[in-house]
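Content type PDB, C-alpha atoms, pLDDT in the B column, from the file data_38.pdb:
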```pdb
MODEL        1
ATOM      1  CA  MET A 126      -7.513 113.143-116.220  1.00 97.00           C
ATOM      2  CA  LEU A 127      -7.152 109.967-118.309  1.00 97.00           C
ATOM      3  CA  GLU A 128      -9.632 108.978-121.007  1.00 97.00           C
ATOM      4  CA  VAL A 129      -9.254 105.625-122.779  1.00 97.00           C
ATOM      5  CA  THR A 130     -11.778 105.296-125.598  1.00 96.00           C
ATOM      6  CA  GLY A 131     -12.451 102.177-127.620  1.00 96.00           C
ATOM      7  CA  ILE A 132      -8.855 101.011-127.777  1.00 95.00           C
ATOM      8  CA  LYS A 133      -7.748  97.919-129.657  1.00 95.00           C
ATOM      9  CA  VAL A 134      -4.306  96.381-129.128  1.00 95.00           C
ATOM     10  CA  ARG A 135      -2.855  93.435-131.014  1.00 91.00           C
ATOM     11  CA  TYR A 136       0.121  91.113-130.611  1.00 87.00           C
ATOM     12  CA  GLY A 137       0.571  89.974-134.200  1.00 84.00           C
ATOM     13  CA  SER A 138      -2.618  88.109-135.097  1.00 85.00           C
ATOM     14  CA  ILE A 139      -3.834  88.009-131.475  1.00 88.00           C
ATOM     15  CA  THR A 140      -6.169  90.745-130.218  1.00 90.00           C
ATOM     16  CA  ALA A 141      -5.255  91.509-126.585  1.00 91.00           C
ATOM     17  CA  LEU A 142      -7.688  94.398-126.055  1.00 94.00           C
ATOM     18  CA  GLN A 143     -10.910  94.906-128.006  1.00 93.00           C
ATOM     19  CA  ASP A 144     -12.927  98.140-127.776  1.00 94.00           C
ATOM     20  CA  VAL A 145     -11.805  98.895-124.205  1.00 96.00           C
ATOM     21  CA  SER A 146     -12.895 102.178-122.640  1.00 96.00           C
ATOM     22  CA  PHE A 147     -12.354 103.563-119.148  1.00 97.00           C
ATOM     23  CA  ARG A 148     -11.570 106.848-117.439  1.00 96.00           C
ATOM     24  CA  VAL A 149      -9.633 108.038-114.416  1.00 97.00           C
ATOM     25  CA  ASN A 150     -10.642 111.306-112.762  1.00 97.00           C
ATOM     26  CA  GLU A 151      -8.151 113.481-110.937  1.00 97.00           C
ATOM     27  CA  GLY A 152      -7.674 112.409-107.316  1.00 97.00           C
ATOM     28  CA  GLU A 153      -9.116 108.907-107.751  1.00 97.00           C
ATOM     29  CA  ILE A 154      -7.746 105.433-107.265  1.00 97.00           C
ATOM     30  CA  VAL A 155      -9.212 103.400-110.116  1.00 97.00           C
ATOM     31  CA  THR A 156      -8.559  99.668-110.415  1.00 96.00           C
ATOM     32  CA  LEU A 157      -8.566  97.254-113.332  1.00 95.00           C
ATOM     33  CA  ILE A 158      -9.233  93.752-112.040  1.00 93.00           C
ATOM     34  CA  GLY A 159      -9.428  90.432-113.838  1.00 90.00           C
ATOM     35  CA  ALA A 160      -7.755  87.086-114.273  1.00 85.00           C
ATOM     36  CA  ASN A 161      -4.233  86.612-115.559  1.00 84.00           C
ATOM     37  CA  GLY A 162      -4.245  87.246-119.316  1.00 84.00           C
ATOM     38  CA  ALA A 163      -7.344  89.466-119.262  1.00 87.00           C
ATOM     39  CA  GLY A 164      -5.434  92.403-120.751  1.00 90.00           C
ATOM     40  CA  LYS A 165      -4.789  94.528-117.671  1.00 92.00           C
ATOM     41  CA  THR A 166      -1.016  94.868-118.099  1.00 92.00           C
ATOM     42  CA  THR A 167      -1.461  95.405-121.841  1.00 93.00           C
ATOM     43  CA  GLY A 168      -3.647  98.390-120.995  1.00 94.00           C
ATOM     44  CA  LEU A 169      -0.953  99.986-118.845  1.00 95.00           C
ATOM     45  CA  HIS A 170       1.758  99.310-121.433  1.00 94.00           C
ATOM     46  CA  THR A 171      -0.382 100.998-124.069  1.00 95.00           C
ATOM     47  CA  ILE A 172      -0.972 104.082-121.909  1.00 96.00           C
ATOM     48  CA  SER A 173       2.796 104.280-121.294  1.00 95.00           C
ATOM     49  CA  GLY A 174       3.562 104.161-125.015  1.00 94.00           C
ATOM     50  CA  LEU A 175       5.229 100.739-124.846  1.00 94.00           C
ATOM     51  CA  LEU A 176       2.646  99.177-127.166  1.00 92.00           C
ATOM     52  CA  PRO A 177       1.017 100.767-130.232  1.00 92.00           C
ATOM     53  CA  LEU A 178      -2.715 101.185-130.643  1.00 93.00           C
ATOM     54  CA  SER A 179      -4.523  99.364-133.430  1.00 92.00           C
ATOM     55  CA  GLY A 180      -7.591 101.481-132.821  1.00 94.00           C
ATOM     56  CA  GLY A 181      -9.202 103.932-130.424  1.00 95.00           C
ATOM     57  CA  THR A 182      -7.671 106.860-128.581  1.00 96.00           C
ATOM     58  CA  ILE A 183      -6.013 107.689-125.250  1.00 97.00           C
ATOM     59  CA  SER A 184      -5.875 111.222-123.854  1.00 97.00           C
ATOM     60  CA  PHE A 185      -4.266 112.598-120.715  1.00 97.00           C
ATOM     61  CA  MET A 186      -5.335 115.978-119.363  1.00 95.00           C
ATOM     62  CA  GLY A 187      -6.842 116.777-122.751  1.00 93.00           C
ATOM     63  CA  GLN A 188      -3.786 115.800-124.807  1.00 95.00           C
ATOM     64  CA  LYS A 189      -3.676 112.762-127.063  1.00 95.00           C
ATOM     65  CA  LEU A 190      -1.108 110.096-126.135  1.00 94.00           C
ATOM     66  CA  ASP A 191      -1.481 108.185-129.409  1.00 87.00           C
ATOM     67  CA  GLY A 192       1.908 107.763-131.088  1.00 86.00           C
ATOM     68  CA  ARG A 193       3.909 109.547-128.403  1.00 93.00           C
ATOM     69  CA  LYS A 194       7.206 108.114-127.199  1.00 93.00           C
ATOM     70  CA  PRO A 195       7.328 106.682-123.651  1.00 93.00           C
ATOM     71  CA  GLU A 196       9.754 109.390-122.500  1.00 91.00           C
ATOM     72  CA  ASP A 197       7.358 112.089-123.709  1.00 92.00           C
ATOM     73  CA  ILE A 198       4.507 110.451-121.804  1.00 94.00           C
ATOM     74  CA  VAL A 199       6.636 110.446-118.642  1.00 92.00           C
ATOM     75  CA  ARG A 200       7.363 114.120-119.208  1.00 89.00           C
ATOM     76  CA  MET A 201       3.613 114.799-119.394  1.00 92.00           C
ATOM     77  CA  GLY A 202       3.215 113.436-115.858  1.00 93.00           C
ATOM     78  CA  ILE A 203       2.595 109.672-116.062  1.00 95.00           C
ATOM     79  CA  ALA A 204       4.860 107.225-114.204  1.00 94.00           C
ATOM     80  CA  HIS A 205       4.692 103.424-114.452  1.00 93.00           C
ATOM     81  CA  SER A 206       5.691 100.965-111.724  1.00 91.00           C
ATOM     82  CA  PRO A 207       5.870  97.708-113.702  1.00 88.00           C
ATOM     83  CA  GLU A 208       4.825  94.170-112.920  1.00 83.00           C
ATOM     84  CA  GLY A 209       7.695  92.210-111.406  1.00 71.00           C
ATOM     85  CA  ARG A 210       9.265  95.361-109.903  1.00 73.00           C
ATOM     86  CA  ARG A 211      12.147  95.532-112.436  1.00 87.00           C
ATOM     87  CA  VAL A 212      14.569  97.233-110.064  1.00 87.00           C
ATOM     88  CA  PHE A 213      18.202  97.627-111.162  1.00 82.00           C
ATOM     89  CA  SER A 214      19.608  94.766-109.135  1.00 87.00           C
ATOM     90  CA  GLY A 215      23.295  95.776-109.191  1.00 89.00           C
ATOM     91  CA  MET A 216      22.589  99.326-108.031  1.00 90.00           C
ATOM     92  CA  SER A 217      21.911 100.622-104.546  1.00 93.00           C
ATOM     93  CA  VAL A 218      18.537 101.788-103.311  1.00 93.00           C
ATOM     94  CA  GLN A 219      19.552 105.411-103.697  1.00 92.00           C
ATOM     95  CA  GLU A 220      20.940 104.868-107.192  1.00 90.00           C
ATOM     96  CA  ASN A 221      17.677 103.228-108.250  1.00 90.00           C
ATOM     97  CA  LEU A 222      15.738 106.200-106.917  1.00 92.00           C
ATOM     98  CA  GLU A 223      18.018 108.728-108.586  1.00 89.00           C
ATOM     99  CA  ILE A 224      17.450 107.022-111.941  1.00 86.00           C
ATOM    100  CA  GLY A 225      13.743 107.646-111.420  1.00 85.00           C
ATOM    101  CA  ALA A 226      14.374 111.390-111.217  1.00 84.00           C
ATOM    102  CA  THR A 227      13.567 112.582-114.714  1.00 67.00           C
ATOM    103  CA  PRO A 228      16.204 114.750-116.474  1.00 61.00           C
ATOM    104  CA  TRP A 229      14.400 118.037-115.864  1.00 58.00           C
ATOM    105  CA  ARG A 230      14.438 117.304-112.106  1.00 57.00           C
ATOM    106  CA  ARG A 231      18.157 116.680-111.841  1.00 56.00           C
ATOM    107  CA  ARG A 232      19.094 119.861-110.033  1.00 55.00           C
ATOM    108  CA  ARG A 233      20.721 118.596-106.850  1.00 54.00           C
ATOM    109  CA  ASP A 234      18.343 120.351-104.453  1.00 57.00           C
ATOM    110  CA  SER A 235      15.275 119.046-106.318  1.00 72.00           C
ATOM    111  CA  ILE A 236      16.491 115.451-106.246  1.00 83.00           C
ATOM    112  CA  ASP A 237      17.275 115.714-102.537  1.00 82.00           C
ATOM    113  CA  ASP A 238      13.755 116.934-101.833  1.00 83.00           C
ATOM    114  CA  ASP A 239      12.274 114.054-103.810  1.00 88.00           C
ATOM    115  CA  LEU A 240      14.538 111.504-102.124  1.00 90.00           C
ATOM    116  CA  GLU A 241      13.514 112.680 -98.679  1.00 90.00           C
ATOM    117  CA  ARG A 242       9.862 112.528 -99.692  1.00 90.00           C
ATOM    118  CA  VAL A 243      10.239 108.894-100.790  1.00 92.00           C
ATOM    119  CA  TYR A 244      12.276 107.999 -97.703  1.00 94.00           C
ATOM    120  CA  ALA A 245       9.611 109.528 -95.473  1.00 93.00           C
ATOM    121  CA  LEU A 246       6.979 107.414 -97.198  1.00 92.00           C
ATOM    122  CA  PHE A 247       9.111 104.247 -97.064  1.00 92.00           C
ATOM    123  CA  PRO A 248      11.400 104.456 -94.005  1.00 92.00           C
ATOM    124  CA  ARG A 249      12.774 100.977 -94.715  1.00 90.00           C
ATOM    125  CA  LEU A 250      14.315 102.306 -97.928  1.00 92.00           C
ATOM    126  CA  ALA A 251      15.986 105.079 -95.951  1.00 92.00           C
ATOM    127  CA  GLU A 252      17.545 102.474 -93.673  1.00 91.00           C
ATOM    128  CA  ARG A 253      18.850 100.577 -96.715  1.00 89.00           C
ATOM    129  CA  ARG A 254      19.800 103.427 -99.029  1.00 90.00           C
ATOM    130  CA  ALA A 255      23.294 101.997 -99.660  1.00 93.00           C
ATOM    131  CA  GLN A 256      22.128  98.377-100.008  1.00 90.00           C
ATOM    132  CA  LEU A 257      22.153  96.700-103.429  1.00 94.00           C
ATOM    133  CA  ALA A 258      18.661  96.088-104.744  1.00 87.00           C
ATOM    134  CA  TRP A 259      19.199  92.383-105.487  1.00 90.00           C
ATOM    135  CA  SER A 260      19.786  91.646-101.814  1.00 91.00           C
ATOM    136  CA  MET A 261      16.461  93.086-100.652  1.00 86.00           C
ATOM    137  CA  SER A 262      13.255  91.177 -99.952  1.00 88.00           C
ATOM    138  CA  GLY A 263      10.420  91.155-102.481  1.00 85.00           C
ATOM    139  CA  GLY A 264       8.439  93.628-100.406  1.00 84.00           C
ATOM    140  CA  GLU A 265      11.379  96.008-100.146  1.00 89.00           C
ATOM    141  CA  GLN A 266      11.977  95.780-103.888  1.00 90.00           C
ATOM    142  CA  GLN A 267       8.328  96.627-104.500  1.00 89.00           C
ATOM    143  CA  MET A 268       8.649  99.681-102.248  1.00 90.00           C
ATOM    144  CA  LEU A 269      11.713 100.656-104.266  1.00 91.00           C
ATOM    145  CA  ALA A 270       9.883 100.263-107.576  1.00 93.00           C
ATOM    146  CA  VAL A 271       7.041 102.481-106.380  1.00 92.00           C
ATOM    147  CA  GLY A 272       9.472 104.997-104.878  1.00 93.00           C
ATOM    148  CA  ARG A 273      11.432 105.146-108.128  1.00 93.00           C
ATOM    149  CA  ALA A 274       8.226 105.940-110.040  1.00 92.00           C
ATOM    150  CA  LEU A 275       7.401 108.718-107.561  1.00 93.00           C
ATOM    151  CA  MET A 276      10.781 110.383-108.134  1.00 91.00           C
ATOM    152  CA  GLY A 277       9.418 111.843-111.376  1.00 86.00           C
ATOM    153  CA  ARG A 278       6.663 113.659-109.436  1.00 89.00           C
ATOM    154  CA  PRO A 279       3.874 112.091-111.513  1.00 93.00           C
ATOM    155  CA  LYS A 280       0.344 113.385-111.703  1.00 95.00           C
ATOM    156  CA  LEU A 281      -0.823 109.853-112.569  1.00 97.00           C
ATOM    157  CA  LEU A 282       0.845 106.698-111.198  1.00 97.00           C
ATOM    158  CA  LEU A 283       0.311 103.386-112.996  1.00 97.00           C
ATOM    159  CA  LEU A 284       0.768 100.453-110.601  1.00 95.00           C
ATOM    160  CA  ASP A 285       0.990  96.996-112.155  1.00 93.00           C
ATOM    161  CA  GLU A 286       0.409  94.025-109.812  1.00 90.00           C
ATOM    162  CA  PRO A 287       2.103  95.525-106.736  1.00 90.00           C
ATOM    163  CA  SER A 288       1.035  92.581-104.535  1.00 87.00           C
ATOM    164  CA  LEU A 289       2.548  89.918-106.814  1.00 84.00           C
ATOM    165  CA  GLY A 290       4.530  87.339-104.849  1.00 81.00           C
ATOM    166  CA  LEU A 291       4.291  89.132-101.500  1.00 80.00           C
ATOM    167  CA  ALA A 292       3.180  87.799 -98.113  1.00 85.00           C
ATOM    168  CA  PRO A 293      -0.301  88.941 -96.994  1.00 89.00           C
ATOM    169  CA  ILE A 294       0.998  91.175 -94.181  1.00 89.00           C
ATOM    170  CA  ILE A 295       3.368  92.934 -96.615  1.00 87.00           C
ATOM    171  CA  VAL A 296       0.512  93.374 -99.095  1.00 90.00           C
ATOM    172  CA  GLU A 297      -1.577  95.111 -96.424  1.00 92.00           C
ATOM    173  CA  GLN A 298       1.302  97.443 -95.560  1.00 90.00           C
ATOM    174  CA  LEU A 299       1.892  98.228 -99.225  1.00 89.00           C
ATOM    175  CA  PHE A 300      -1.746  99.033 -99.884  1.00 94.00           C
ATOM    176  CA  ASP A 301      -1.738 101.375 -96.889  1.00 94.00           C
ATOM    177  CA  LYS A 302       1.126 103.190 -98.642  1.00 93.00           C
ATOM    178  CA  ILE A 303      -0.854 103.334-101.887  1.00 94.00           C
ATOM    179  CA  VAL A 304      -3.644 105.128-100.029  1.00 95.00           C
ATOM    180  CA  SER A 305      -1.070 107.504 -98.511  1.00 95.00           C
ATOM    181  CA  ILE A 306       0.374 108.279-101.944  1.00 95.00           C
ATOM    182  CA  ASN A 307      -3.101 109.085-103.227  1.00 96.00           C
ATOM    183  CA  LYS A 308      -3.712 111.407-100.263  1.00 95.00           C
ATOM    184  CA  LEU A 309      -0.528 113.268-101.233  1.00 93.00           C
ATOM    185  CA  GLY A 310      -2.273 114.250-104.466  1.00 95.00           C
ATOM    186  CA  VAL A 311      -1.216 111.492-106.867  1.00 97.00           C
ATOM    187  CA  THR A 312      -3.980 109.934-108.968  1.00 98.00           C
ATOM    188  CA  ILE A 313      -3.569 106.148-109.295  1.00 98.00           C
ATOM    189  CA  LEU A 314      -4.539 103.538-111.876  1.00 98.00           C
ATOM    190  CA  LEU A 315      -4.071 100.164-110.202  1.00 97.00           C
ATOM    191  CA  VAL A 316      -3.870  96.817-112.012  1.00 94.00           C
ATOM    192  CA  GLU A 317      -4.235  93.958-109.569  1.00 90.00           C
ATOM    193  CA  GLN A 318      -5.168  90.264-109.467  1.00 85.00           C
ATOM    194  CA  ASN A 319      -5.867  90.561-105.725  1.00 89.00           C
ATOM    195  CA  ALA A 320      -9.346  91.924-106.328  1.00 91.00           C
ATOM    196  CA  ALA A 321     -10.263  92.128-102.652  1.00 91.00           C
ATOM    197  CA  MET A 322      -7.342  94.421-101.815  1.00 92.00           C
ATOM    198  CA  ALA A 323      -7.756  96.499-104.954  1.00 93.00           C
ATOM    199  CA  LEU A 324     -11.456  97.075-104.373  1.00 95.00           C
ATOM    200  CA  SER A 325     -10.825  97.938-100.725  1.00 93.00           C
ATOM    201  CA  VAL A 326      -8.778 101.035-101.651  1.00 95.00           C
ATOM    202  CA  ALA A 327     -10.178 102.105-105.031  1.00 96.00           C
ATOM    203  CA  THR A 328     -12.909 104.608-105.780  1.00 95.00           C
ATOM    204  CA  ARG A 329     -14.124 102.843-108.912  1.00 96.00           C
ATOM    205  CA  GLY A 330     -13.229  99.700-110.800  1.00 96.00           C
ATOM    206  CA  TYR A 331     -13.424  97.927-114.140  1.00 96.00           C
ATOM    207  CA  LEU A 332     -13.508  94.162-114.650  1.00 95.00           C
ATOM    208  CA  LEU A 333     -11.645  92.907-117.719  1.00 93.00           C
ATOM    209  CA  GLU A 334     -12.263  89.468-119.199  1.00 92.00           C
ATOM    210  CA  ASN A 335     -10.682  88.272-122.447  1.00 91.00           C
ATOM    211  CA  GLY A 336      -9.607  91.756-123.440  1.00 93.00           C
ATOM    212  CA  ARG A 337     -12.959  93.453-122.876  1.00 94.00           C
ATOM    213  CA  VAL A 338     -14.525  95.487-120.075  1.00 95.00           C
ATOM    214  CA  VAL A 339     -17.474  93.436-118.829  1.00 94.00           C
ATOM    215  CA  LEU A 340     -18.319  95.421-115.679  1.00 94.00           C
ATOM    216  CA  GLU A 341     -17.685  98.920-114.373  1.00 94.00           C
ATOM    217  CA  ASP A 342     -18.981 100.628-111.257  1.00 94.00           C
ATOM    218  CA  VAL A 343     -18.073 102.205-107.947  1.00 96.00           C
ATOM    219  CA  THR A 344     -16.210  99.677-105.852  1.00 94.00           C
ATOM    220  CA  GLU A 345     -19.004  99.134-103.319  1.00 93.00           C
ATOM    221  CA  ARG A 346     -21.343  97.862-106.045  1.00 94.00           C
ATOM    222  CA  LEU A 347     -18.595  95.926-107.835  1.00 92.00           C
ATOM    223  CA  THR A 348     -17.736  94.136-104.600  1.00 93.00           C
ATOM    224  CA  ALA A 349     -21.373  93.099-104.200  1.00 92.00           C
ATOM    225  CA  HIS A 350     -21.842  91.972-107.817  1.00 93.00           C
ATOM    226  CA  PRO A 351     -22.406  88.187-108.082  1.00 91.00           C
ATOM    227  CA  LEU A 352     -19.842  87.746-110.872  1.00 90.00           C
ATOM    228  CA  VAL A 353     -17.113  89.511-108.905  1.00 89.00           C
ATOM    229  CA  LYS A 354     -18.017  87.759-105.650  1.00 89.00           C
ATOM    230  CA  GLU A 355     -18.022  84.323-107.208  1.00 88.00           C
ATOM    231  CA  ALA A 356     -14.982  84.562-109.499  1.00 82.00           C
ATOM    232  CA  TYR A 357     -12.692  87.008-107.684  1.00 85.00           C
ATOM    233  CA  LEU A 358     -13.685  87.239-104.007  1.00 83.00           C
ATOM    234  CA  GLY A 359     -14.146  83.581-103.152  1.00 75.00           C
ATOM    235  CA  GLY A 360     -17.930  83.585-103.192  1.00 60.00           C
TER     236      GLY A 360
ENDMDL
END
```
As structure tokens:
Amino acid sequence: MLEVTGIKVRYGSITALQDVSFRVNEGEIVTLIGANGAGKTTGLHTISGLLPLSGGTISFMGQKLDGRKPEDIVRMGIAHSPEGRRVFSGMSVQENLEIGATPWRRRRDSIDDDLERVYALFPRLAERRAQLAWSMSGGEQQMLAVGRALMGRPKLLLLDEPSLGLAPIIVEQLFDKIVSINKLGVTILLVEQNAAMALSVATRGYLLENGRVVLEDVTERLTAHPLVKEAYLGG
């Protein structure tokens, strides 16, 4: 579904990603793990069209993404739930979700169907549909960010650090929802510093260090690899 081949991304004179390649097959949960600053978020921003490529190629379902505008990439079927949630704090839960409904889905019946699908997945959002986003807990805001991304009916969902700043019990609940979303037919590329949680739900994974892929494998073997165990799973 997604093929990233030898990409290079720069911030001015700084190279953030160097010759990075990975793939995501339809139906998978694939995770990019690594320390803060390894280049994981940069990778998602590049796929979404928010950062330009300095080299390499990205294709989605056989079509090149290079040079496309972010809105065109969304239209192709990729949605991005960003790091830090980025909900619209002065808007209600329902207004945030409606903004996630892409323009070609704005027929009233279609939006209603999508809203009910998100509310079924996250019942707490249904209970708080009129509540302003700023007044919600971090976990609720993260549910809202993921729900907003789902309103566009993506084929591929990019999740950037969904566990950031959340209590362990909320993280477990959220990752259960990520598995549920995948079972509904949404392919997922997951960026996550919590390597243990990411590897527990993913099919395959890639370890990024200093802007390069240094390991790739199915998650069972990645979890057992000495480098991953020592640096990311507490030995």
message = Show me, as a PyMOL selection string, the residues that have an atom within 12 Å of Ala255 (chain A) when counting all atoms listed in the file, minus same-chain residues fewer than 5 positions from it.
response = chain A and resi 215-222+249-250+260-261
Would you write out, as a CSV table (one decimal) with C-alpha atoms, in the coordinates of the input, every residue that the PyMOL selection byres ((chain A and resi 166) around 12) captures in this file?
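Output (selection-v2.csv):
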```
chain,number,residue,atom,x,y,z
A,134,VAL,CA,-4.3,96.4,-129.1
A,141,ALA,CA,-5.3,91.5,-126.6
A,142,LEU,CA,-7.7,94.4,-126.1
A,156,THR,CA,-8.6,99.7,-110.4
A,157,LEU,CA,-8.6,97.3,-113.3
A,158,ILE,CA,-9.2,93.8,-112.0
A,159,GLY,CA,-9.4,90.4,-113.8
A,160,ALA,CA,-7.8,87.1,-114.3
A,161,ASN,CA,-4.2,86.6,-115.6
A,162,GLY,CA,-4.2,87.2,-119.3
A,163,ALA,CA,-7.3,89.5,-119.3
A,164,GLY,CA,-5.4,92.4,-120.8
A,165,LYS,CA,-4.8,94.5,-117.7
A,167,THR,CA,-1.5,95.4,-121.8
A,168,GLY,CA,-3.6,98.4,-121.0
A,169,LEU,CA,-1.0,100.0,-118.8
A,170,HIS,CA,1.8,99.3,-121.4
A,171,THR,CA,-0.4,101.0,-124.1
A,172,ILE,CA,-1.0,104.1,-121.9
A,173,SER,CA,2.8,104.3,-121.3
A,175,LEU,CA,5.2,100.7,-124.8
A,176,LEU,CA,2.6,99.2,-127.2
A,205,HIS,CA,4.7,103.4,-114.5
A,206,SER,CA,5.7,101.0,-111.7
A,207,PRO,CA,5.9,97.7,-113.7
A,208,GLU,CA,4.8,94.2,-112.9
A,209,GLY,CA,7.7,92.2,-111.4
A,283,LEU,CA,0.3,103.4,-113.0
A,284,LEU,CA,0.8,100.5,-110.6
A,285,ASP,CA,1.0,97.0,-112.2
A,286,GLU,CA,0.4,94.0,-109.8
A,287,PRO,CA,2.1,95.5,-106.7
A,314,LEU,CA,-4.5,103.5,-111.9
A,315,LEU,CA,-4.1,100.2,-110.2
A,316,VAL,CA,-3.9,96.8,-112.0
A,317,GLU,CA,-4.2,94.0,-109.6
A,318,GLN,CA,-5.2,90.3,-109.5
A,333,LEU,CA,-11.6,92.9,-117.7
A,336,GLY,CA,-9.6,91.8,-123.4
```
Residue contacts of Val326 (chain A) (9 Å, all atoms listed in the file) excluding same-chain residues fewer than 6 positions away, as an MDAnalysis selection string = chainID A and resid 154:156 300:301 303:304 344
Could you list the residues chosen by the PyMOL selection byres ((chain A and resi 204) around 6) in this structure as a short mmCIF file (atom, residue, chain, number, x, y, z; two decimals) with C-alpha atoms, keeping the file's coordinate frame?
```cif
data_model
loop_
_atom_site.label_atom_id
_atom_site.label_comp_id
_atom_site.auth_asym_id
_atom_site.auth_seq_id
_atom_site.Cartn_x
_atom_site.Cartn_y
_atom_site.Cartn_z
CA VAL A 199 6.64 110.45 -118.64
CA ILE A 203 2.60 109.67 -116.06
CA HIS A 205 4.69 103.42 -114.45
CA ALA A 274 8.23 105.94 -110.04
CA PRO A 279 3.87 112.09 -111.51
CA LEU A 282 0.84 106.70 -111.20
#
```
key: Residue among A:Val311, A:Ala321, A:Ile139, A:Ile132 lying closest to Gly180 (chain A), counting all atoms listed in the file   = A:Ile132
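Proximity to Asn150 (chain A) was assessed for A:Lys133, A:Lys354, A:Lys280, A:Lys302 counting all atoms listed in the file; the smallest distance is recorded for A:Lys280.
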inquiry  = I'd like the neighbourhood of Glu153 (chain A) as an NGL selection string, where a residue qualifies if any of its atoms comes within 10 Å (using only C-alpha atoms), though same-chain residues fewer than 6 positions away should be ignored.
reply    = :A and (126 or 281 or 307-308 or 310-314 or 326-329)
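Remark: for Leu275 (chain A), the closest of the candidate residues A:Gly202, A:Pro248, A:Gly290, A:Val339 is A:Gly202 (distances computed over all atoms listed in the file).
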message = Residues within 7 Å of Leu291 (chain A), please, as an NGL selection string. Count all atoms listed in the file; anything in the same chain fewer than 4 positions from it doesn't count.
response = :A and (263-264 or 295-296)
